[in-house]
Amino acid sequence: MKLTPNRNISNIEGDAVLPRKNGELVFHDAWERRAFALAVALCEQGHYQWDEFRDHLIAEIDAADKAKAQSPDTSFPGYYENWLASFEKVLIEKGICTLDQLPSKTTE
Amino acid sequence: MGNEHSHGSSAHSAPPNPYLEKHTTPEQTEALEKRVRTLESLLIKKGLVSAETLDKMVETYENDIGPLNGAKVVARAWVDPAYKERLLKDATPAIAELGFSGLQGEHMVVVENTPSVHNLVVCTLCSCYPWPVLGLPPAWFKEAAYRSRSVVDPRGVLHDFGLTLDESVAIKVWDSSAEIRYMVLPERPAGTEGMSEEELVALVTRDAMLGVTKAESRVA
């Protein structure tokens with residue numbers, strides 16, 4: 001199977017733009033890679049439209065930015081934490097998982 | 001660094017990137033690792049995805065976006081004269097033909113290197129950059145030294161990058177702006193006649209597409 005990157009995904013713009021350095025994707029930890037791959041894989045398989053995921057991502061980033069503006073010194077969720085939260089939301093929304101199946105159910 | 005110039009729209013420079021710093025503590029990282037691992041096994045158990053697909057997915061995206069987009073454009077132009085003509089005439093639609101878009105109203109212009117003319121791309125004002133084809137700009141592209149010196153002493157700049165051109169070769173410097181983004185079509189290296197388009201892609205570096213180096217017949 002030859003995968004071709006979905007240009008809707010690799011060309012996300014604005015606040016939701018993928019973290020890159022010298023054009024390449026930046027992942028700090030293994031979980032970020034996996035979270036990226038999970039969200040892209042399920043989208044590619046048609047479980048949701050990219051826009052549906054992206055709208056959540058933009059909202060999460062926006063909320064994180066606002067929280068950061070209010071208290072600049074405290075830790076705020078990074079890009080892939082927002083990404084992960086968006087992924088979980090879209091899974092629930094699409095009925096792919098139920099809330100109590102999610103590992104983060106206790107944090108909300 | 002940051003946005004030293006904010007003339008024009010936000011699309012003017014490469015997108016800001018506040019997420020490059022790692023900010024999680026080891027405890028948070030561990031909790032996130034666990035959360036993703038649990039999610040992954042849940043989705044694997046549901047038969048929605050396989051670990052192998054995920055690996056392949058990451059590999060594809062890590063290797064196949066960024067400078068490679070521009071490299072594909074160059075390789076196509078090397079093997080397909082009709083495509084090259086379209087590219088040099090009107091680059092934006094020609095680049096879109098290969099599926100690369102994401103420009104926000106800026107116009108792409110591709111300039112061709114020949115044995116007698118060498119092109120160099122700069123943005124003297126800040127760091128305008130054709131990022132949908134070349135990814136994010138390298139740090140030196142944004143530095144004042146490169147931005148100012150490439151205009152007054154392009155030959156010296158190229159020399160610093162290890163490229164010494166014959167005096168007979170004219171150097172053209174292209175100053176990017178909010179409206180126009182330039183990319184260099186490097187010369188196809190000698191001795192690559194038998195190579196496939198796919199093999200050629202690997203020879204095209206970001207630096208060659210900015211004009212600070214040439215494409216070489218072997219990857220360094």
# chains A, B, ... in the order shown; residues from 1 in each chain; ligands from 1
$ closest_atom_pairs --of "range 27-109 of chain B" --to "range 84-98 of chain A" --cutoff "9 Å" --atoms "only C-alpha atoms" --output "Markdown table"
| residue | atom | partner | partner_atom | distance |
| --- | --- | --- | --- | --- |
| B:Val36 | CA | A:Leu84 | CA | 8.0 |
| B:Leu39 | CA | A:Glu88 | CA | 8.7 |
| B:Leu42 | CA | A:Cys97 | CA | 8.8 |
| B:Leu43 | CA | A:Cys97 | CA | 8.6 |
$ atom_distance --atom1 "CA of Pro81 in chain B" --atom2 "CA of Ala202 in chain B"
19.5 Å
$ select_by_dssp --residues "range 57-198 of chain B" --states "strand (DSSP E or B)" --output "PyMOL selection string"
chain B and resi 107-112+117-122+170-175+180-185
$ residues_around --residues "Lys172 in chain B" --least-positions-apart "2" --cutoff "9 Å" --atoms "only C-alpha atoms" --output "list of chain:residue names"
B:Val117, B:His118, B:Asn119, B:Leu120, B:Val121, B:Pro154, B:Ala170, B:Trp174
$ closest_residue --among "A:Asp65, A:Asp100, A:Trp83, A:Ser75" --to "Ala39 in chain A" --atoms "only C-alpha atoms"
A:Trp83
$ atom_distance --atom1 "CA of Met183 in chain B" --atom2 "CA of Val110 in chain B"
4.9 Å
$ select_by_dssp --residues "range 29-107 of chain B" --states "alpha helix (DSSP H)" --output "PyMOL selection string"
chain B and resi 29-45+51-64+67-79+81-89+91-97
$ closest_residue --among "A:Trp31, A:Tyr80, A:Tyr48, A:Phe53" --to "chain B" --atoms "only C-alpha atoms"
A:Trp31
$ closest_residue --among "B:Gly70, B:Thr38, B:Ser116, B:Met108" --to "Asp207 in chain B" --atoms "only C-alpha atoms"
B:Gly70
$ atom_distance --atom1 "CA of Ala208 in chain B" --atom2 "CA of Arg33 in chain A"
29.4 Å
$ residues_around --residues "Gly191 in chain B" --least-positions-apart "5" --cutoff "12 Å" --atoms "only C-alpha atoms" --output "list in words"
Leu200, Ala215, Glu216, Ser217 and Arg218 of chain B
$ closest_residue --among "A:Trp50, A:Lys68, A:Gly78, A:Asp55" --to "chain B" --atoms "only C-alpha atoms"
A:Gly78
$ closest_residue --among "B:Pro186, B:Pro132, B:Pro26, B:Gly47" --to "chain A" --atoms "only C-alpha atoms"
B:Pro132
